[in-house]
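**Q** Below you will find the structure I want to go over with you.
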Amino acid sequence: MKKRAAGLLGVVMAAGALVQAAPASAGTTAPPPFCQLALGSTTSGGDLILRVLSGTVPPSASASTWGGKDLLPDDTIKVASGLGLQVNADQTGVSRRQYVVLDSTLNLLTYDVKGFGGEVDPGSVTRTPVGGGWSAARYIENSRYNVGSKLVRNSAYALIGDTILRWSVDGTSFTHKATYGGFSAVKTMTLISQTATYDTFLANTFAGALYTIRIPVSGKPVVKVVRRTTWQGFEALVASKCGTGTLLLGVDKETGAPYLYTIGHANGTATVIKGLGKVPRTFGEVAYSRYYDDTQDYDQLSGE
């Protein structure tokens, strides 16, 4: 079995004080009595900062640790997808991959990390251009659906103008493009659910509404209102699995204020949302991403 904790939350926790997990019975590792979100934040200088946010009341956060310096050129990052990790075959370290928009070009960023909490190997940092024309993208994501450790579906998404776009993905090859119009009101969004037949996103609008947008493998998107007001303040949303629901981070980039919410399994206006409060940090980065193991199905999202 691959090293889950060391490869994911553990690599962030190692350098920062975190709360204790609940006591475990012999031979088992019990989860903490609340949900956590491993967050990767990219600065304007192209550096990566790692934090773990805990869904306590009020929320708590680990110390900020460097996930890599000078991964990207200065002042080029616009938006970034989730940050996926892969444990290497020898169980001695991890590699990471992420799609990033640099100026107007979409790139696949890949690199290796020495050990589970070590430094980035600078010689491994690779930025592979995928294509141009991405300067207006408000959101991008890569959804990898696994059964066990087998990749079954690999999709990429972008929100550009009034359109959500989807592709089938193989590294830097984007094929089978599909477009869905009518989304000019959407400010940003975040992936909350993954299945073999659809992905679901949580989206806020410039006017303050909150919606789920389910995009099936075939057919038209299904849009449901969750809340009608008060959500306009967030320029970035990041979601992590929390049982069959979601731990949601909303970042007000104008003030740097981050807020955490737990969201029950999405069901339109009947969806239960609990505000946990402000995270005791001020965020000043450009892009925010979920940090997760993208080769295993245990880290997939199930919020709808």
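Ordered as shown in the structure tokens, chains take letters A, B, and onward, while each chain numbers its residues from 1 and ligands are numbered from 1 in the order shown.
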When DSSP is applied to the backbone of this structure, which of region 48-111 of chain A are assigned strand (DSSP E or B)? Write them out as a PyMOL selection string.

**A** chain A and resi 48-54+60-61+65-68+77-80+83-87+93-102+105-111

**Q** Tell me which protein, DNA and RNA residues are within 9 Å of region 33-45 of chain A, counting only C-alpha atoms, leaving out same-chain ones fewer than 3 positions away, and put them as a VMD selection string.

**A** chain A and resid 8 to 9 12 21 to 22 30 48 to 56 67 69 to 78 80 82 to 83 238 to 243 246 to 249 262 283 to 292

**Q** Go ahead and save the residues from that selection, with C-alpha atoms, as a PDB file, in the first residue's frame.

**A**
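This is the output file part_8.pdb:
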ATOM      1  CA  LEU A   8      -0.355  13.936   1.217  1.00  0.00           C
ATOM      2  CA  LEU A   9      -1.349  15.609   4.469  1.00  0.00           C
ATOM      3  CA  VAL A  12       2.457  19.415   4.896  1.00  0.00           C
ATOM      4  CA  ALA A  21      -6.122  12.905  15.669  1.00  0.00           C
ATOM      5  CA  ALA A  22      -8.629  10.951  17.719  1.00  0.00           C
ATOM      6  CA  ALA A  30      -8.364   6.834  13.054  1.00  0.00           C
ATOM      7  CA  LEU A  48       4.397  27.186  -3.868  1.00  0.00           C
ATOM      8  CA  ILE A  49       3.196  27.431  -0.252  1.00  0.00           C
ATOM      9  CA  LEU A  50       1.612  24.406   1.442  1.00  0.00           C
ATOM     10  CA  ARG A  51      -0.850  24.580   4.336  1.00  0.00           C
ATOM     11  CA  VAL A  52      -3.360  22.255   5.978  1.00  0.00           C
ATOM     12  CA  LEU A  53      -6.675  23.844   6.997  1.00  0.00           C
ATOM     13  CA  SER A  54      -8.799  22.122   9.637  1.00  0.00           C
ATOM     14  CA  GLY A  55     -12.572  22.319   9.782  1.00  0.00           C
ATOM     15  CA  THR A  56     -12.812  23.080  13.476  1.00  0.00           C
ATOM     16  CA  GLY A  67       6.422  23.487  -1.417  1.00  0.00           C
ATOM     17  CA  LYS A  69      10.561  27.992  -4.979  1.00  0.00           C
ATOM     18  CA  ASP A  70      10.810  29.499  -8.451  1.00  0.00           C
ATOM     19  CA  LEU A  71       8.640  26.826 -10.018  1.00  0.00           C
ATOM     20  CA  LEU A  72       7.204  29.457 -12.385  1.00  0.00           C
ATOM     21  CA  PRO A  73       8.501  32.713 -13.878  1.00  0.00           C
ATOM     22  CA  ASP A  74       7.708  35.857 -11.877  1.00  0.00           C
ATOM     23  CA  ASP A  75       4.378  37.621 -12.459  1.00  0.00           C
ATOM     24  CA  THR A  76       3.010  35.146 -15.008  1.00  0.00           C
ATOM     25  CA  ILE A  77       0.583  32.911 -13.068  1.00  0.00           C
ATOM     26  CA  LYS A  78      -3.115  33.561 -13.729  1.00  0.00           C
ATOM     27  CA  ALA A  80      -4.043  26.907 -11.577  1.00  0.00           C
ATOM     28  CA  GLY A  82      -5.597  21.135  -8.495  1.00  0.00           C
ATOM     29  CA  LEU A  83      -2.125  20.011  -7.458  1.00  0.00           C
ATOM     30  CA  VAL A 238     -11.237  25.280  -3.150  1.00  0.00           C
ATOM     31  CA  ALA A 239     -13.024  22.088  -2.108  1.00  0.00           C
ATOM     32  CA  SER A 240     -11.911  18.926  -0.339  1.00  0.00           C
ATOM     33  CA  LYS A 241     -13.755  15.736   0.519  1.00  0.00           C
ATOM     34  CA  CYS A 242     -15.602  15.692   3.835  1.00  0.00           C
ATOM     35  CA  GLY A 243     -17.452  12.387   4.106  1.00  0.00           C
ATOM     36  CA  THR A 246     -17.436  19.054   1.115  1.00  0.00           C
ATOM     37  CA  LEU A 247     -15.028  21.178   3.134  1.00  0.00           C
ATOM     38  CA  LEU A 248     -15.015  24.471   1.234  1.00  0.00           C
ATOM     39  CA  LEU A 249     -12.500  27.295   1.338  1.00  0.00           C
ATOM     40  CA  THR A 262     -18.770  22.442   5.659  1.00  0.00           C
ATOM     41  CA  PHE A 283      -3.668  34.968   2.168  1.00  0.00           C
ATOM     42  CA  GLY A 284      -1.788  36.985  -0.430  1.00  0.00           C
ATOM     43  CA  GLU A 285      -1.144  34.428  -3.158  1.00  0.00           C
ATOM     44  CA  VAL A 286      -2.486  34.459  -6.720  1.00  0.00           C
ATOM     45  CA  ALA A 287      -3.812  30.917  -7.182  1.00  0.00           C
ATOM     46  CA  TYR A 288      -5.201  28.360  -4.715  1.00  0.00           C
ATOM     47  CA  SER A 289      -5.411  24.600  -5.314  1.00  0.00           C
ATOM     48  CA  ARG A 290      -6.424  21.389  -3.600  1.00  0.00           C
ATOM     49  CA  TYR A 291      -3.344  19.208  -2.946  1.00  0.00           C
ATOM     50  CA  TYR A 292      -4.273  15.548  -3.369  1.00  0.00           C
TER      51      TYR A 292
END

**Q** Can you measure CA of Ile164 (chain A) to CA of Ser302 (chain A) for me? One decimal in Å is fine.

**A**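 One can read the CA of Ile164 (chain A) to CA of Ser302 (chain A) distance as 21.0 Å.
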
**Q** Can you measure CA of Thr163 (chain A) to CA of Arg138 (chain A) for me? One decimal in Å is fine.

**A**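 Pair CA of Thr163 (chain A) / CA of Arg138 (chain A) returns 10.5 Å.
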
**Q** Here is a test: counting only C-alpha atoms, which residue of A:Val169, A:Val87, A:Leu159, A:Ile215 is nearest to Lys114 (chain A)?

**A** A:Val87

**Q** Could you pull the residues within 12 Å of Gly233 (chain A), counting only C-alpha atoms, minus those fewer than 6 positions along the same chain, as an NGL selection string?

**A** :A and (187-188 or 204-210 or 250-259)

**Q** Write a file of the selected residues as a CSV table (one decimal), in the first residue's frame, keeping all heavy atoms.

**A**
chain,number,residue,atom,x,y,z
A,187,LYS,N,-18.5,33.6,-11.4
A,187,LYS,CA,-17.2,34.3,-11.0
A,187,LYS,C,-16.1,33.3,-10.9
A,187,LYS,O,-15.0,33.5,-11.5
A,187,LYS,CB,-17.4,35.0,-9.6
A,187,LYS,CG,-16.3,35.9,-9.2
A,187,LYS,CD,-16.7,36.7,-8.0
A,187,LYS,CE,-15.7,37.8,-7.6
A,187,LYS,NZ,-16.1,38.6,-6.4
A,188,THR,N,-16.3,32.2,-10.2
A,188,THR,CA,-15.3,31.1,-10.1
A,188,THR,C,-16.1,29.9,-9.7
A,188,THR,O,-17.3,29.9,-9.4
A,188,THR,CB,-14.1,31.5,-9.2
A,188,THR,OG1,-13.1,30.5,-9.4
A,188,THR,CG2,-14.6,31.5,-7.7
A,204,ASN,N,-19.9,30.2,-7.7
A,204,ASN,CA,-20.5,31.4,-7.2
A,204,ASN,C,-20.6,32.4,-8.4
A,204,ASN,O,-19.8,32.3,-9.3
A,204,ASN,CB,-19.8,32.0,-6.0
A,204,ASN,CG,-18.4,32.6,-6.3
A,204,ASN,OD1,-17.7,32.1,-7.2
A,204,ASN,ND2,-18.0,33.6,-5.6
A,205,THR,N,-21.6,33.3,-8.3
A,205,THR,CA,-21.8,34.3,-9.3
A,205,THR,C,-21.3,35.7,-8.9
A,205,THR,O,-21.2,35.9,-7.7
A,205,THR,CB,-23.2,34.3,-9.8
A,205,THR,OG1,-24.0,34.9,-8.7
A,205,THR,CG2,-23.7,32.9,-10.1
A,206,PHE,N,-21.2,36.6,-9.8
A,206,PHE,CA,-20.8,38.0,-9.5
A,206,PHE,C,-21.9,38.6,-8.7
A,206,PHE,O,-21.7,39.5,-7.9
A,206,PHE,CB,-20.6,38.8,-10.8
A,206,PHE,CG,-19.4,38.3,-11.6
A,206,PHE,CD1,-19.5,37.5,-12.6
A,206,PHE,CD2,-18.1,38.8,-11.2
A,206,PHE,CE1,-18.3,37.1,-13.3
A,206,PHE,CE2,-17.0,38.4,-11.8
A,206,PHE,CZ,-17.1,37.6,-13.0
A,207,ALA,N,-23.2,38.1,-8.8
A,207,ALA,CA,-24.3,38.7,-8.1
A,207,ALA,C,-24.5,38.1,-6.7
A,207,ALA,O,-25.3,38.6,-5.9
A,207,ALA,CB,-25.6,38.6,-8.9
A,208,GLY,N,-23.8,37.0,-6.4
A,208,GLY,CA,-23.8,36.4,-5.1
A,208,GLY,C,-24.5,35.1,-4.9
A,208,GLY,O,-24.6,34.5,-3.8
A,209,ALA,N,-25.0,34.5,-6.0
A,209,ALA,CA,-25.7,33.2,-5.9
A,209,ALA,C,-24.6,32.1,-5.9
A,209,ALA,O,-23.5,32.3,-6.2
A,209,ALA,CB,-26.6,33.0,-7.1
A,210,LEU,N,-25.1,30.9,-5.4
A,210,LEU,CA,-24.2,29.7,-5.3
A,210,LEU,C,-25.0,28.6,-6.0
A,210,LEU,O,-26.2,28.3,-5.7
A,210,LEU,CB,-24.0,29.4,-3.9
A,210,LEU,CG,-22.9,28.3,-3.6
A,210,LEU,CD1,-21.5,28.8,-4.0
A,210,LEU,CD2,-22.9,27.9,-2.1
A,250,GLY,N,-13.3,29.5,0.9
A,250,GLY,CA,-13.5,30.7,0.0
A,250,GLY,C,-12.5,31.8,0.4
A,250,GLY,O,-12.3,32.1,1.5
A,251,VAL,N,-11.9,32.4,-0.7
A,251,VAL,CA,-10.9,33.4,-0.4
A,251,VAL,C,-11.3,34.7,-1.1
A,251,VAL,O,-11.6,34.7,-2.3
A,251,VAL,CB,-9.5,33.0,-1.0
A,251,VAL,CG1,-8.4,34.0,-0.8
A,251,VAL,CG2,-9.0,31.6,-0.5
A,252,ASP,N,-11.4,35.7,-0.2
A,252,ASP,CA,-11.6,37.1,-0.7
A,252,ASP,C,-10.2,37.7,-1.0
A,252,ASP,O,-9.5,38.1,-0.1
A,252,ASP,CB,-12.3,37.9,0.4
A,252,ASP,CG,-12.6,39.3,-0.1
A,252,ASP,OD1,-12.0,39.8,-1.0
A,252,ASP,OD2,-13.5,39.9,0.6
A,253,LYS,N,-9.9,37.7,-2.3
A,253,LYS,CA,-8.6,38.2,-2.7
A,253,LYS,C,-8.4,39.7,-2.4
A,253,LYS,O,-7.2,40.1,-2.3
A,253,LYS,CB,-8.3,37.9,-4.1
A,253,LYS,CG,-8.1,36.4,-4.5
A,253,LYS,CD,-7.7,36.2,-5.9
A,253,LYS,CE,-7.4,34.7,-6.2
A,253,LYS,NZ,-6.9,34.6,-7.6
A,254,GLU,N,-9.4,40.4,-2.4
A,254,GLU,CA,-9.3,41.9,-2.1
A,254,GLU,C,-8.8,42.1,-0.7
A,254,GLU,O,-8.0,43.1,-0.5
A,254,GLU,CB,-10.6,42.6,-2.4
A,254,GLU,CG,-11.1,42.5,-3.8
A,254,GLU,CD,-12.3,43.3,-4.0
A,254,GLU,OE1,-12.9,43.9,-3.0
A,254,GLU,OE2,-12.8,43.3,-5.2
A,255,THR,N,-9.2,41.3,0.3
A,255,THR,CA,-8.8,41.5,1.7
A,255,THR,C,-7.8,40.4,2.1
A,255,THR,O,-7.2,40.6,3.2
A,255,THR,CB,-10.0,41.5,2.6
A,255,THR,OG1,-10.6,40.2,2.5
A,255,THR,CG2,-11.0,42.6,2.1
A,256,GLY,N,-7.7,39.3,1.4
A,256,GLY,CA,-6.8,38.2,1.8
A,256,GLY,C,-7.5,37.4,2.9
A,256,GLY,O,-6.8,36.5,3.5
A,257,ALA,N,-8.8,37.5,3.1
A,257,ALA,CA,-9.5,36.8,4.1
A,257,ALA,C,-10.0,35.4,3.6
A,257,ALA,O,-10.7,35.4,2.6
A,257,ALA,CB,-10.7,37.6,4.6
A,258,PRO,N,-9.6,34.3,4.3
A,258,PRO,CA,-10.1,33.0,3.9
A,258,PRO,C,-11.1,32.5,4.9
A,258,PRO,O,-11.0,32.7,6.1
A,258,PRO,CB,-8.8,32.2,4.0
A,258,PRO,CG,-7.9,32.9,5.0
A,258,PRO,CD,-8.4,34.3,5.1
A,259,TYR,N,-12.2,31.9,4.4
A,259,TYR,CA,-13.2,31.4,5.2
A,259,TYR,C,-13.5,29.9,4.9
A,259,TYR,O,-13.4,29.5,3.8
A,259,TYR,CB,-14.5,32.2,5.0
A,259,TYR,CG,-14.5,33.6,5.5
A,259,TYR,CD1,-14.0,34.6,4.7
A,259,TYR,CD2,-14.9,33.9,6.8
A,259,TYR,CE1,-13.9,35.9,5.2
A,259,TYR,CE2,-14.8,35.2,7.3
A,259,TYR,CZ,-14.3,36.2,6.4
A,259,TYR,OH,-14.2,37.5,6.9

**Q** Could you build a table of the residues in region 150-225 of chain A lying no more than 12 Å from region 127-133 of chain A, giving for each the nearest pair of atoms and their separation in Å rounded to one decimal place, using only C-alpha atoms, ordered by chain and ascending residue number, as a Markdown table?

**A**
| residue | atom | partner | partner_atom | distance |
| --- | --- | --- | --- | --- |
| A:Ala156 | CA | A:Val130 | CA | 11.9 |
| A:Ala158 | CA | A:Gly133 | CA | 11.8 |
| A:Ile160 | CA | A:Gly133 | CA | 9.9 |
| A:Gly161 | CA | A:Gly133 | CA | 11.9 |
| A:Val169 | CA | A:Val130 | CA | 10.8 |
| A:Asp170 | CA | A:Val130 | CA | 11.0 |
| A:Gly171 | CA | A:Val130 | CA | 8.9 |
| A:Thr172 | CA | A:Val130 | CA | 5.3 |
| A:Ser173 | CA | A:Val130 | CA | 7.3 |
| A:Phe174 | CA | A:Val130 | CA | 8.0 |
| A:Thr175 | CA | A:Val130 | CA | 11.5 |

**Q** I'd like the interatomic distance between CA of Lys278 (chain A) and CA of Pro58 (chain A), to a tenth of an Å.

**A** 7.1 Å

**Q** Go through A:Tyr298, A:Tyr198, A:Tyr180, A:Trp66 and flag the residue nearest Gly118 (chain A), using only C-alpha atoms for the distances.

**A**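 Nearest to Gly118 (chain A): A:Trp66.
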
**Q** Quick one: residues within 12 Å of Val152 (chain A), only C-alpha atoms, excluding same-chain residues fewer than 3 positions away - as a PyMOL selection string?

**A** chain A and resi 143-149+155+168-170+194-197+294-297
